[in-house]
Amino acid sequence: MKTQETQTHSVHDHDHCCSHDSPVVAKTASQNHQHDHSHDHDHDGHNHGESNNASILKSRWMLWLSLTILGGYLVTTFIFKEEINRVAEFVLMVSAYILAGNKTVAAAFRRVGRGDFFNEFTLMTIATFGAFFIGEFSEGVAVMVFYEIGELIQDLAVSRSKKSIKALLDVRPDTVTVIRNGVNTQADPATVQVGETILVKAGEKVALDGILTSLNGTFNTAALTGESKPDVKSRNQQVLAGMINTEKTVEIEVRALFKDSKLSRILEMVQEATARKAPTQLLISRLAKIYTPIVFLLSVLIILVPFFFVADYQFQQWLYRGMVFLVIACPCALTISIPLGYFGGIGLASRNGILIKGANFLDVITKIDTVVSDKTGTLTKGVFKVQKIETNLDPTDFLIKTASLESYSTHPVAKAIVKHDETLELLKPQDVEEISGHGLKGTVNTETVLAGNLKLLDKFSVSYPRELTDIVETIVVVAINGTYAGYITIADEIKEDAAKTVSDLESLGIETIMLSGDKEAIVSQTARQLHIAHSFGNLLPEDKVRVVESLKNEGRKIAFIGDGVNDAPVIALSDLGIAMGGMGSDAAIETADIVIQNDQPSKIVSAIRAGKITKSIVYQNISLAMGVKVLVMVLGAGGVATLWEAVFADVGVALLAILNAFRIQGKKI
């Protein structure tokens, strides 16, 4: 069983550099939908949580002033060749240093006071203090200024990477029009009760889940499903919060409270998704606890060990080399690019109607080798539809009489027959009798009509062709005035993209296995149509669990996809649980690790591609950061690289890693 991680949605005091991975906070309805976009990631002074890029840039005014002082000094001394008094230089550089690095230095002392010596703040503080100690004032300031610029770039990158995820928080309107006592009243969506009717005008967002009471309506569902194609709804069909009414004004009867809407649950899951770390992120965090003290030790050794081996040992020279080593060793590029990559992967999936509940599941999905799928509602539409009408009578007359009798039943099969041709004018049957487990008997236009299964005709001693017993699909046989008149077959429709999904999974080296509680003959027929080699029918929920356990014992990595309450146990058991979010049950959606908003099975393939893209870019960034850092650390220890080169290499590799992570946003899946 997968363990469920406890999520916290509080302000995090991260111990390692640039861990921008705390959750997006969406307040509850009782808080008047004031969505908290602050995300105050207080890195002991580095506030990486401003709500937009403009405010981030504006808040760094001290950094800009420090950069101006440093820039003016460098232009004066290196371009105009003007010599500045040493005391004046010291005062200018100390002022610039305080403006740029006051928060970092303060954070370093706070951390040391708490017994945490090995962190990025003390690393940068020691390196810059060392530069001042040996008289390299401008280089010390440059190290701090460019470090802070690197932090700023990271803030902007995280802000942008979360944009597509945070956009979900803005799809719920703050007010809704409720019809109360015949009067249209503006109200807070949180105050609307189940059973009330709301009015949604053209262009407005639907605020609550419900059913359409108007004749029809057209809705943009992109916020929920990622699909731009308009969705046409008819009376009594479900409409969800977050959809946008694109045409005429419609009325919707509320079926769920604001806090219980599918969209509200999606937002809660998004919060958890951004808080849940992937194994790669956790590994880097663990390594950082080992990496940082090793870096400090190596820096000290670089400074002191040459004293015993170098004839003309100069302390200031080797101190400088140790400081260069410390600066380039700062692991910012690693610790920002990895979570940024996972944010990008979650955002990429969400824009395509796929909700991935945590970065860890982006890793898991790349290891899946077997997809086990439910049939009804997952690979098929879960809606009965007439497949074939066979009769020796006039087909229209036959259908009218059969549908007229079936109109008095609420059975899904009966509804499918009635809905098959809604242009027909049905007759009112008389003396309708429902015979449990058999079907219906009644009088239609003075004729006695029987409609049901073969047992119904046996009960009334009506003879029929024996080959009817070989038909796999659900069959409704009809007799009129005691004589067999024909039959209608009813079957669940296969989803348009189901066959392509199975084919695409096979091309990725992933086998598809189908499980269903439906009868074996129907399951086998569906499997043949979809080219699925292994399928199992007549399964109870515990049988599905048994089959998946057996597959896992073979060493397979299993993803299970389903939509019903009965699928929840096996979704929880699998390595990766996937639920259909449109028509899926609450239990399946809550248990699943990934939710497909538009119920298209092809989105499974898209989710796998998103995981593979994310993994590829994250590992590219790890290789890039480690490769460059090791090279420059060696050059620094050997006296080839200066502090200037060290800081440019550090900021440069971080920027390259960020830009590489941004590539995820432009990918197509």
# chains A, B, ... in the order shown; residues from 1 in each chain; ligands from 1
>>> residues_around(residues="range 406-422 of chain A", least_positions_apart="5", cutoff="7 Å", atoms="only C-alpha atoms", output="list in words")
Phe384, Lys385, Val386 and Ile490 of chain A
>>> residues_around(residues="Gly437 in chain A", least_positions_apart="6", cutoff="12 Å", atoms="only C-alpha atoms", output="PyMOL selection string")
chain A and resi 411+451-456+459
>>> write_last_selection(atoms="all heavy atoms", output="PDB file, in the first residue's frame")
ATOM      1  N   HIS A 411     -34.747   1.632 -15.750  1.00  0.00           N
ATOM      2  CA  HIS A 411     -33.537   0.842 -15.962  1.00  0.00           C
ATOM      3  C   HIS A 411     -32.681   1.488 -17.048  1.00  0.00           C
ATOM      4  O   HIS A 411     -33.203   1.989 -18.045  1.00  0.00           O
ATOM      5  CB  HIS A 411     -33.911  -0.591 -16.374  1.00  0.00           C
ATOM      6  CG  HIS A 411     -32.769  -1.543 -16.299  1.00  0.00           C
ATOM      7  ND1 HIS A 411     -31.799  -1.625 -17.269  1.00  0.00           N
ATOM      8  CD2 HIS A 411     -32.432  -2.465 -15.349  1.00  0.00           C
ATOM      9  CE1 HIS A 411     -30.917  -2.547 -16.938  1.00  0.00           C
ATOM     10  NE2 HIS A 411     -31.281  -3.081 -15.777  1.00  0.00           N
ATOM     11  N   ALA A 451     -41.261  -7.037 -23.440  1.00  0.00           N
ATOM     12  CA  ALA A 451     -39.900  -6.552 -23.727  1.00  0.00           C
ATOM     13  C   ALA A 451     -39.017  -6.859 -22.539  1.00  0.00           C
ATOM     14  O   ALA A 451     -39.279  -6.393 -21.428  1.00  0.00           O
ATOM     15  CB  ALA A 451     -39.913  -5.058 -24.018  1.00  0.00           C
ATOM     16  N   GLY A 452     -37.986  -7.676 -22.766  1.00  0.00           N
ATOM     17  CA  GLY A 452     -37.099  -8.039 -21.664  1.00  0.00           C
ATOM     18  C   GLY A 452     -36.055  -9.036 -22.115  1.00  0.00           C
ATOM     19  O   GLY A 452     -35.643  -9.045 -23.282  1.00  0.00           O
ATOM     20  N   ASN A 453     -35.634  -9.906 -21.204  1.00  0.00           N
ATOM     21  CA  ASN A 453     -34.622 -10.898 -21.561  1.00  0.00           C
ATOM     22  C   ASN A 453     -35.277 -12.185 -22.055  1.00  0.00           C
ATOM     23  O   ASN A 453     -36.509 -12.293 -22.122  1.00  0.00           O
ATOM     24  CB  ASN A 453     -33.684 -11.155 -20.376  1.00  0.00           C
ATOM     25  CG  ASN A 453     -34.446 -11.551 -19.116  1.00  0.00           C
ATOM     26  OD1 ASN A 453     -35.517 -12.167 -19.191  1.00  0.00           O
ATOM     27  ND2 ASN A 453     -33.900 -11.199 -17.958  1.00  0.00           N
ATOM     28  N   LEU A 454     -34.465 -13.160 -22.377  1.00  0.00           N
ATOM     29  CA  LEU A 454     -34.990 -14.413 -22.932  1.00  0.00           C
ATOM     30  C   LEU A 454     -35.847 -15.161 -21.913  1.00  0.00           C
ATOM     31  O   LEU A 454     -36.781 -15.897 -22.291  1.00  0.00           O
ATOM     32  CB  LEU A 454     -33.828 -15.290 -23.401  1.00  0.00           C
ATOM     33  CG  LEU A 454     -33.029 -14.753 -24.599  1.00  0.00           C
ATOM     34  CD1 LEU A 454     -31.833 -15.650 -24.890  1.00  0.00           C
ATOM     35  CD2 LEU A 454     -33.912 -14.630 -25.837  1.00  0.00           C
ATOM     36  N   LYS A 455     -35.543 -14.942 -20.620  1.00  0.00           N
ATOM     37  CA  LYS A 455     -36.351 -15.604 -19.589  1.00  0.00           C
ATOM     38  C   LYS A 455     -37.797 -15.118 -19.619  1.00  0.00           C
ATOM     39  O   LYS A 455     -38.719 -15.870 -19.267  1.00  0.00           O
ATOM     40  CB  LYS A 455     -35.742 -15.341 -18.205  1.00  0.00           C
ATOM     41  CG  LYS A 455     -34.410 -16.043 -17.975  1.00  0.00           C
ATOM     42  CD  LYS A 455     -33.936 -15.904 -16.539  1.00  0.00           C
ATOM     43  CE  LYS A 455     -33.584 -14.478 -16.195  1.00  0.00           C
ATOM     44  NZ  LYS A 455     -33.069 -14.355 -14.798  1.00  0.00           N
ATOM     45  N   LEU A 456     -38.001 -13.871 -20.042  1.00  0.00           N
ATOM     46  CA  LEU A 456     -39.365 -13.327 -20.137  1.00  0.00           C
ATOM     47  C   LEU A 456     -40.162 -14.090 -21.194  1.00  0.00           C
ATOM     48  O   LEU A 456     -41.326 -14.469 -20.969  1.00  0.00           O
ATOM     49  CB  LEU A 456     -39.302 -11.830 -20.468  1.00  0.00           C
ATOM     50  CG  LEU A 456     -40.661 -11.135 -20.641  1.00  0.00           C
ATOM     51  CD1 LEU A 456     -41.406 -11.080 -19.307  1.00  0.00           C
ATOM     52  CD2 LEU A 456     -40.482  -9.717 -21.178  1.00  0.00           C
ATOM     53  N   LYS A 459     -40.988 -17.499 -19.966  1.00  0.00           N
ATOM     54  CA  LYS A 459     -42.062 -17.461 -18.967  1.00  0.00           C
ATOM     55  C   LYS A 459     -43.434 -17.462 -19.633  1.00  0.00           C
ATOM     56  O   LYS A 459     -44.372 -18.099 -19.139  1.00  0.00           O
ATOM     57  CB  LYS A 459     -41.894 -16.219 -18.081  1.00  0.00           C
ATOM     58  CG  LYS A 459     -42.955 -16.059 -16.997  1.00  0.00           C
ATOM     59  CD  LYS A 459     -42.673 -14.820 -16.162  1.00  0.00           C
ATOM     60  CE  LYS A 459     -43.760 -14.610 -15.101  1.00  0.00           C
ATOM     61  NZ  LYS A 459     -43.764 -15.692 -14.092  1.00  0.00           N
TER      62      LYS A 459
END
>>> atom_distance(atom1="CA of Asp188 in chain A", atom2="CA of Asn220 in chain A")
22.6 Å
>>> residues_around(residues="Ile149 in chain A", least_positions_apart="5", cutoff="12 Å", atoms="only C-alpha atoms", output="ChimeraX atom specification")
/A:46,56-57,60-64,66-67,100-101,142-144,154-156,332,647-648,650-652,654-655
>>> residues_around(residues="Gly322 in chain A", least_positions_apart="3", cutoff="6 Å", atoms="only C-alpha atoms", output="list in words")
Ser299, Ile302, Ile303, Leu319 and Phe325 of chain A
>>> atom_distance(atom1="CA of Val570 in chain A", atom2="CA of Ile365 in chain A")
16.7 Å
>>> select_by_dssp(residues="range 113-238 of chain A", states="alpha helix (DSSP H)", output="PyMOL selection string")
chain A and resi 113+120-133+137-161+163-166+222-225
>>> residues_around(residues="Ala131 in chain A", least_positions_apart="3", cutoff="9 Å", atoms="only C-alpha atoms", output="list in words")
Ile126, Ala127, Thr128, Ile134, Gly135, Glu136, Phe137, Ser138, Glu139, Gly140, Val141, Leu319, Tyr320, Met323 and Leu643 of chain A
>>> write_last_selection(atoms="N, CA and C atoms", output="PDB file, in the first residue's frame")
ATOM      1  N   ILE A 126      31.232  33.920   5.022  1.00  0.00           N
ATOM      2  CA  ILE A 126      32.657  33.656   5.252  1.00  0.00           C
ATOM      3  C   ILE A 126      33.482  34.003   4.017  1.00  0.00           C
ATOM      4  N   ALA A 127      32.983  33.621   2.832  1.00  0.00           N
ATOM      5  CA  ALA A 127      33.719  33.899   1.595  1.00  0.00           C
ATOM      6  C   ALA A 127      33.896  35.398   1.382  1.00  0.00           C
ATOM      7  N   THR A 128      32.856  36.174   1.631  1.00  0.00           N
ATOM      8  CA  THR A 128      32.946  37.627   1.392  1.00  0.00           C
ATOM      9  C   THR A 128      33.744  38.329   2.491  1.00  0.00           C
ATOM     10  N   ILE A 134      41.472  40.119   3.067  1.00  0.00           N
ATOM     11  CA  ILE A 134      42.709  40.182   2.279  1.00  0.00           C
ATOM     12  C   ILE A 134      42.764  41.441   1.405  1.00  0.00           C
ATOM     13  N   GLY A 135      41.791  42.360   1.614  1.00  0.00           N
ATOM     14  CA  GLY A 135      41.837  43.644   0.922  1.00  0.00           C
ATOM     15  C   GLY A 135      41.164  43.671  -0.440  1.00  0.00           C
ATOM     16  N   GLU A 136      40.482  42.587  -0.824  1.00  0.00           N
ATOM     17  CA  GLU A 136      39.775  42.562  -2.114  1.00  0.00           C
ATOM     18  C   GLU A 136      38.335  43.020  -1.887  1.00  0.00           C
ATOM     19  N   PHE A 137      38.180  44.336  -1.620  1.00  0.00           N
ATOM     20  CA  PHE A 137      36.865  44.864  -1.240  1.00  0.00           C
ATOM     21  C   PHE A 137      35.832  44.715  -2.353  1.00  0.00           C
ATOM     22  N   SER A 138      36.202  45.164  -3.546  1.00  0.00           N
ATOM     23  CA  SER A 138      35.235  45.147  -4.652  1.00  0.00           C
ATOM     24  C   SER A 138      34.836  43.722  -5.019  1.00  0.00           C
ATOM     25  N   GLU A 139      35.775  42.778  -4.890  1.00  0.00           N
ATOM     26  CA  GLU A 139      35.444  41.393  -5.214  1.00  0.00           C
ATOM     27  C   GLU A 139      34.493  40.813  -4.164  1.00  0.00           C
ATOM     28  N   GLY A 140      34.697  41.182  -2.905  1.00  0.00           N
ATOM     29  CA  GLY A 140      33.786  40.735  -1.847  1.00  0.00           C
ATOM     30  C   GLY A 140      32.377  41.243  -2.081  1.00  0.00           C
ATOM     31  N   VAL A 141      32.277  42.527  -2.453  1.00  0.00           N
ATOM     32  CA  VAL A 141      30.958  43.091  -2.759  1.00  0.00           C
ATOM     33  C   VAL A 141      30.355  42.404  -3.983  1.00  0.00           C
ATOM     34  N   LEU A 319      44.384  31.816   1.142  1.00  0.00           N
ATOM     35  CA  LEU A 319      43.080  32.207   1.688  1.00  0.00           C
ATOM     36  C   LEU A 319      42.146  32.609   0.544  1.00  0.00           C
ATOM     37  N   TYR A 320      42.688  33.329  -0.420  1.00  0.00           N
ATOM     38  CA  TYR A 320      41.907  33.752  -1.583  1.00  0.00           C
ATOM     39  C   TYR A 320      41.386  32.527  -2.343  1.00  0.00           C
ATOM     40  N   MET A 323      38.567  30.960  -0.540  1.00  0.00           N
ATOM     41  CA  MET A 323      37.316  31.722  -0.689  1.00  0.00           C
ATOM     42  C   MET A 323      36.671  31.465  -2.058  1.00  0.00           C
ATOM     43  N   LEU A 643      37.801  35.157  -7.804  1.00  0.00           N
ATOM     44  CA  LEU A 643      36.462  35.310  -7.217  1.00  0.00           C
ATOM     45  C   LEU A 643      35.449  35.780  -8.260  1.00  0.00           C
TER      46      LEU A 643
END
>>> residues_around(residues="Ala202 in chain A", least_positions_apart="4", cutoff="10 Å", atoms="only C-alpha atoms", output="list in words")
Gly217, Thr218, Phe219, Ile244, Asn245, Thr246, Glu247, Lys248, Thr249 and Val250 of chain A
>>> write_last_selection(atoms="N, CA and C atoms", output="PDB file, in the first residue's frame")
ATOM      1  N   GLY A 217     -27.248  24.294 -22.840  1.00  0.00           N
ATOM      2  CA  GLY A 217     -26.251  25.339 -22.619  1.00  0.00           C
ATOM      3  C   GLY A 217     -24.903  24.899 -23.147  1.00  0.00           C
ATOM      4  N   THR A 218     -24.043  25.874 -23.438  1.00  0.00           N
ATOM      5  CA  THR A 218     -22.712  25.577 -23.958  1.00  0.00           C
ATOM      6  C   THR A 218     -21.670  26.151 -22.993  1.00  0.00           C
ATOM      7  N   PHE A 219     -20.677  25.340 -22.655  1.00  0.00           N
ATOM      8  CA  PHE A 219     -19.722  25.734 -21.624  1.00  0.00           C
ATOM      9  C   PHE A 219     -18.280  25.507 -22.078  1.00  0.00           C
ATOM     10  N   ILE A 244     -17.251  27.925 -17.875  1.00  0.00           N
ATOM     11  CA  ILE A 244     -17.697  29.261 -18.287  1.00  0.00           C
ATOM     12  C   ILE A 244     -18.853  29.121 -19.268  1.00  0.00           C
ATOM     13  N   ASN A 245     -19.960  29.771 -18.951  1.00  0.00           N
ATOM     14  CA  ASN A 245     -21.125  29.759 -19.841  1.00  0.00           C
ATOM     15  C   ASN A 245     -20.820  30.646 -21.052  1.00  0.00           C
ATOM     16  N   THR A 246     -20.832  30.087 -22.250  1.00  0.00           N
ATOM     17  CA  THR A 246     -20.386  30.836 -23.431  1.00  0.00           C
ATOM     18  C   THR A 246     -21.517  31.444 -24.254  1.00  0.00           C
ATOM     19  N   GLU A 247     -22.774  31.046 -23.990  1.00  0.00           N
ATOM     20  CA  GLU A 247     -23.859  31.567 -24.838  1.00  0.00           C
ATOM     21  C   GLU A 247     -24.936  32.242 -24.000  1.00  0.00           C
ATOM     22  N   LYS A 248     -26.135  31.688 -24.015  1.00  0.00           N
ATOM     23  CA  LYS A 248     -27.274  32.341 -23.363  1.00  0.00           C
ATOM     24  C   LYS A 248     -27.278  32.116 -21.852  1.00  0.00           C
ATOM     25  N   THR A 249     -28.095  32.901 -21.148  1.00  0.00           N
ATOM     26  CA  THR A 249     -28.262  32.747 -19.712  1.00  0.00           C
ATOM     27  C   THR A 249     -28.912  31.401 -19.398  1.00  0.00           C
ATOM     28  N   VAL A 250     -28.368  30.704 -18.398  1.00  0.00           N
ATOM     29  CA  VAL A 250     -28.907  29.393 -18.025  1.00  0.00           C
ATOM     30  C   VAL A 250     -29.157  29.339 -16.527  1.00  0.00           C
TER      31      VAL A 250
END
>>> closest_residue(among="A:Asp599, A:Glu89, A:Glu390, A:Asp209", to="Gly353 in chain A", atoms="only C-alpha atoms")
A:Asp599
>>> closest_residue(among="A:Pro569, A:Ile356, A:Ile435, A:Ser461", to="Gln597 in chain A", atoms="only C-alpha atoms")
A:Ile356
